[in-house]
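Okay, so here's the structure we're looking at.
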Amino acid sequence: MTDTRPNGPTYTLWGGALSLYSGKVRSYLIKKGLPYREFYASHPDFNARIRPIVGLGVTPVVETPEGDVLQDSTEIITALEARLPEHPMIPATPVQRLVATLLDAYATEHLLLAAMHYRWGEPHVSAQRDFLVAEFGRASYIGVDRNERNAAGARMMAYFSATLPNLGGIPETAPAIESEYLELLELLDQHFQHLPYLLGGHPSIADFGFMAPLFAHLGRDPAPASIMALRAPNVMRWKERMNLAVIEDAEYPSIPASYPADDAIPPTLLPILKLIFSDWTPELKANAECFNAWVRANPDKEPGQLVCQDGKRRVHPTIGPIAYAWRNVAMRRASAPQTLWHFSQALDQARALNGIARERFDELIAHVEGQDAMAITLKRPIVRRNHVLVLGDETPMQAAPGKPT
C-alpha cells in the first residue's frame, strides 16, 4: 500500500472530496503553491500514525515535510502562513486582516448549518442519496467491491445525518436556513461580478473559509450544486477558481493580483458583511451567554481544562443547549464553543487596533451594523491546545475598542 508520509517537499493532506473542512485546506495548499498528496482516513496509516497524535478521528490533518502534524483548518493555514511568508494569504494591513478573519470564522462556523441542511435535510438528501452513498463509501472503504463500498457508505451516512438536529436543522427551521443561504448567494454573485476573490484580486483566508461550506457540500453535492450553478453562476466560477493554482484571472483584466491599496474594503463586500452580522449575531450572543454561564457555574476549572460538557475530547464539543430567535423561527441547538474560539480571534484583533485603523474599522462596523457582535465578551478565553478546546487563564476578554460592554 502507498506510503502516506510526506515525500521531499510534498505535504500529506488527510481529507477527502466530501469533507467540508478539507475543501478549505486543499484550496489553500493549491493557491499557496504547496505540493501535496491527499488520502482518506480509511487508509490504515491514519489509525496507525495520525490518530494517536491527534487523539481524535478527525480530518483535515496536514503532515508537513518537517514532520509536524497540524489539525483544524484555520490553525493549519495560520501555522503554515507563519512558516511560509512568501505569497501571503492573510492580509498584512489591520482592517483587511480583521475582515478576512471575520469572514473566515462566519463561513467556517455559521454556514456549517446550511451546508449540513442541504446535504441531509429533505428534499435534498433524497434527491442525492445515491451520490452520498458512494461518496461516504469512498471515505470509509478501500477496495473494488461496489456493493461493499455502498454498504460502508450507508453506515457512515447514518451517523452524520443524525447530527443535523444538534445544529438546529429541523423542518421548522429549514425556511430560515434556506432564505439566509439564498440571500447570501445573491450577494456573493454580485460581488464576484466585480472581483475574483472576496477581498479583491488576491485570495485570502476569507476565501478559504468560504470554500469550507461552498465546495464539498453546497457546490459539489448534486442538489445544492444545481442551485449554485443556476442561481449564482459567478459563485460557481469562484469555486472553480479557488481550486486552480493561478492567482490572476483573465476574466478580470483590470484587477491587479493583490489586495486593495490603503487597507480598503471592496464596496461590494459591505452588503455581505451586513447580512453576516444580521444573521450571525443572535447565535454568537447565545453561545457567549451559555459559555459565560458555564464558567460561572464552574469557577474552579483550571486553565487547560477541556471546554466540554462531559469532559471528553471531542471534535465539536458542546457545553449545553442554546436558544434564540432568528429569521422568525425559534432556533434551538447545541452550543458551539468552537464558534466562540474562532470569533474571538477577530475580537482580539479588534482590541489591538489603534489610530486610523481603529477609526476605519469602527466606521465599517457601524455601517454594517456589527456593533452588538463586536461588543461580546467572554468570562474566560478559549484556546486550542493539543488539538482540543481548553480554558485559557482567568483574565476576562474585553470588548472590542470603542464598543460598550
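In the C-alpha cells, chains take letters A, B, ... by order of appearance, with residues numbered from 1 within each chain and ligands from 1 in the order shown.
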I want to know what sits within 6 Å of region 204-218 of chain A, based on only C-alpha atoms, with residues of the same chain fewer than 2 positions away left out; could you give that as a list in words?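 Those residues are Leu18, Leu20, Tyr21, Gly23, Lys24, Met89, Ile90, Ala100, Leu103, Asp104, Ala107, Thr108, Ala115, Arg220, Asp221, Pro224 and Ala225 of chain A.
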Using the chain letters and numbers from this document, which residues of region 13-238 of chain A does DSSP assign to helix (DSSP H, G or I), as number ranges by chain? A: 20-32, 44-54, 73-83, 94-110, 112-120, 124-127, 129-140, 146-161, 165-167, 174-194, 205-214, 222-231, 233-238
Within 9 Å of Pro337 (chain A), counting only C-alpha atoms, which residues qualify if same-chain residues fewer than 4 places away don't, as a list of chain:residue names? A:Asn287, A:Ala288, A:Phe291, A:Val307, A:Cys308, A:His316, A:Pro317, A:Thr318, A:Ile319, A:Trp341, A:His342, A:Ile382, A:Leu389
Next, the residues of the selection above should be written as an mmCIF file, in the first residue's frame with C-alpha atoms.
```
data_model
loop_
_atom_site.group_PDB
_atom_site.id
_atom_site.type_symbol
_atom_site.label_atom_id
_atom_site.label_comp_id
_atom_site.auth_asym_id
_atom_site.auth_seq_id
_atom_site.Cartn_x
_atom_site.Cartn_y
_atom_site.Cartn_z
ATOM 1 C CA ASN A 287 -23.226 30.983 22.568
ATOM 2 C CA ALA A 288 -21.455 33.644 24.639
ATOM 3 C CA PHE A 291 -20.328 29.891 27.859
ATOM 4 C CA VAL A 307 -14.273 23.233 27.265
ATOM 5 C CA CYS A 308 -16.794 20.422 27.014
ATOM 6 C CA HIS A 316 -17.082 19.710 18.137
ATOM 7 C CA PRO A 317 -17.701 19.967 21.884
ATOM 8 C CA THR A 318 -20.782 21.482 23.461
ATOM 9 C CA ILE A 319 -21.482 22.837 26.938
ATOM 10 C CA TRP A 341 -12.935 30.362 19.769
ATOM 11 C CA HIS A 342 -12.933 31.285 16.106
ATOM 12 C CA ILE A 382 -10.987 29.724 24.875
ATOM 13 C CA LEU A 389 -10.509 23.478 23.079
#
```
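Between Asp362 (chain A) and the candidates A:Ile142, A:Ile30, A:Leu13, A:Leu98, the tightest atom-to-atom separation, counting only C-alpha atoms, involves A:Leu98.
Between CA of Leu132 (chain A) and CA of Pro321 (chain A) lies a distance of 29.3 Å.
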What are the nearest atom pairs, with distances in Å to one decimal, for all residues of region 330-380 of chain A that come at most 12 Å from region 253-269 of chain A, using only C-alpha atoms, set out by chain and rising residue number as JSON lines?
```
{"residue": "A:Ile356", "atom": "CA", "partner": "A:Asp263", "partner_atom": "CA", "distance": 10.4}
{"residue": "A:Ala357", "atom": "CA", "partner": "A:Asp263", "partner_atom": "CA", "distance": 8.5}
{"residue": "A:Arg358", "atom": "CA", "partner": "A:Asp263", "partner_atom": "CA", "distance": 11.8}
{"residue": "A:Arg360", "atom": "CA", "partner": "A:Ala264", "partner_atom": "CA", "distance": 9.1}
{"residue": "A:Phe361", "atom": "CA", "partner": "A:Ile265", "partner_atom": "CA", "distance": 10.1}
{"residue": "A:Glu363", "atom": "CA", "partner": "A:Ile265", "partner_atom": "CA", "distance": 11.8}
{"residue": "A:Leu364", "atom": "CA", "partner": "A:Ile265", "partner_atom": "CA", "distance": 9.0}
{"residue": "A:Ile365", "atom": "CA", "partner": "A:Ile265", "partner_atom": "CA", "distance": 11.9}
{"residue": "A:His367", "atom": "CA", "partner": "A:Pro267", "partner_atom": "CA", "distance": 11.4}
{"residue": "A:Val368", "atom": "CA", "partner": "A:Leu269", "partner_atom": "CA", "distance": 10.0}
```
Can you tell me, as a PyMOL selection string, what residues are no more than 12 Å from Ile76 (chain A) when counting only C-alpha atoms, ignoring any on the same chain fewer than 5 positions away? chain A and resi 11+13+21-22+24-26+28-29+59-64+68-71+81-84+205+208+387
Which of A:His202, A:Arg155, A:Arg296, A:Arg231 sits closest to Leu187 (chain A) [using only C-alpha atoms]: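 When distances to Leu187 (chain A) are compared using only C-alpha atoms, the smallest one comes from A:Arg231.
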Strand (DSSP E or B) call set, DSSP backbone run, region 154-387 of chain A, as a VMD selection string: chain A and resid 306 321 to 326 329 to 334 382 to 385
Those residues you just picked out, can you put them in a file as a compact mmCIF listing (two decimals), in the first residue's frame with C-alpha atoms?
```
# COMPACT_ATOMS: atom_id res chain seq x y z
CA LEU A 306 -11.45 20.97 28.42
CA PRO A 321 -28.23 23.82 24.66
CA ILE A 322 -28.85 27.34 23.42
CA ALA A 323 -31.98 29.03 22.08
CA TYR A 324 -32.51 32.28 20.21
CA ALA A 325 -34.85 33.95 17.75
CA TRP A 326 -33.62 34.03 14.17
CA VAL A 329 -38.05 30.93 13.87
CA ALA A 330 -37.18 29.67 17.34
CA MET A 331 -33.72 28.20 16.97
CA ARG A 332 -32.74 25.50 19.46
CA ARG A 333 -29.43 23.75 19.10
CA ALA A 334 -26.31 22.61 20.92
CA ILE A 382 -10.99 29.72 24.88
CA VAL A 383 -7.78 28.40 23.34
CA ARG A 384 -6.75 25.32 21.35
CA ARG A 385 -4.09 23.08 22.82
```
My list of candidates is A:Phe131, A:Tyr118, A:Trp294, A:Phe136. Which is closest to Ile227 (chain A) when distances are computed with only C-alpha atoms? A:Tyr118
For region 240-246 of chain A, find every residue with an atom within 6 Å (counting only C-alpha atoms), except residues of its own chain fewer than 2 positions away, and show them as a list in words.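 My reading of the contact set: Ser27, Ile30, Lys31, Arg237, Trp238 and Glu248 of chain A.
Nearest residue to Ser278 (chain A), choosing from A:Leu198, A:Ala336, A:Ala373, A:Ala350 and counting only C-alpha atoms: A:Ala373.
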Any idea what's packed within 10 Å of Glu122 (chain A), counting only C-alpha atoms, ignoring anything in its chain fewer than 3 positions away? Could you give it as a list of chain:residue names? A:His117, A:Tyr118, A:Arg119, A:Val125, A:Ser126, A:Ala127, A:Ile170, A:Pro171, A:Ala174
Selected residues, C-alpha atoms, written as a JSON list (two decimals), in the first residue's frame, please.
```json
[["chain", "number", "residue", "atom", "x", "y", "z"],
["A", 117, "HIS", "CA", -29.07, 21.13, 5.80],
["A", 118, "TYR", "CA", -28.55, 20.95, 2.04],
["A", 119, "ARG", "CA", -26.75, 17.63, 2.43],
["A", 125, "VAL", "CA", -30.95, 14.18, 0.80],
["A", 126, "SER", "CA", -33.47, 12.05, -1.09],
["A", 127, "ALA", "CA", -32.53, 13.67, -4.38],
["A", 170, "ILE", "CA", -35.16, 20.58, 11.68],
["A", 171, "PRO", "CA", -38.12, 21.02, 9.29],
["A", 174, "ALA", "CA", -35.49, 24.91, 7.10]]
```
Mind giving me the straight-line distance from CA of Gly304 (chain A) to CA of Lys379 (chain A) in Å, one decimal?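 Separation of CA of Gly304 (chain A) and CA of Lys379 (chain A): 14.9 Å.
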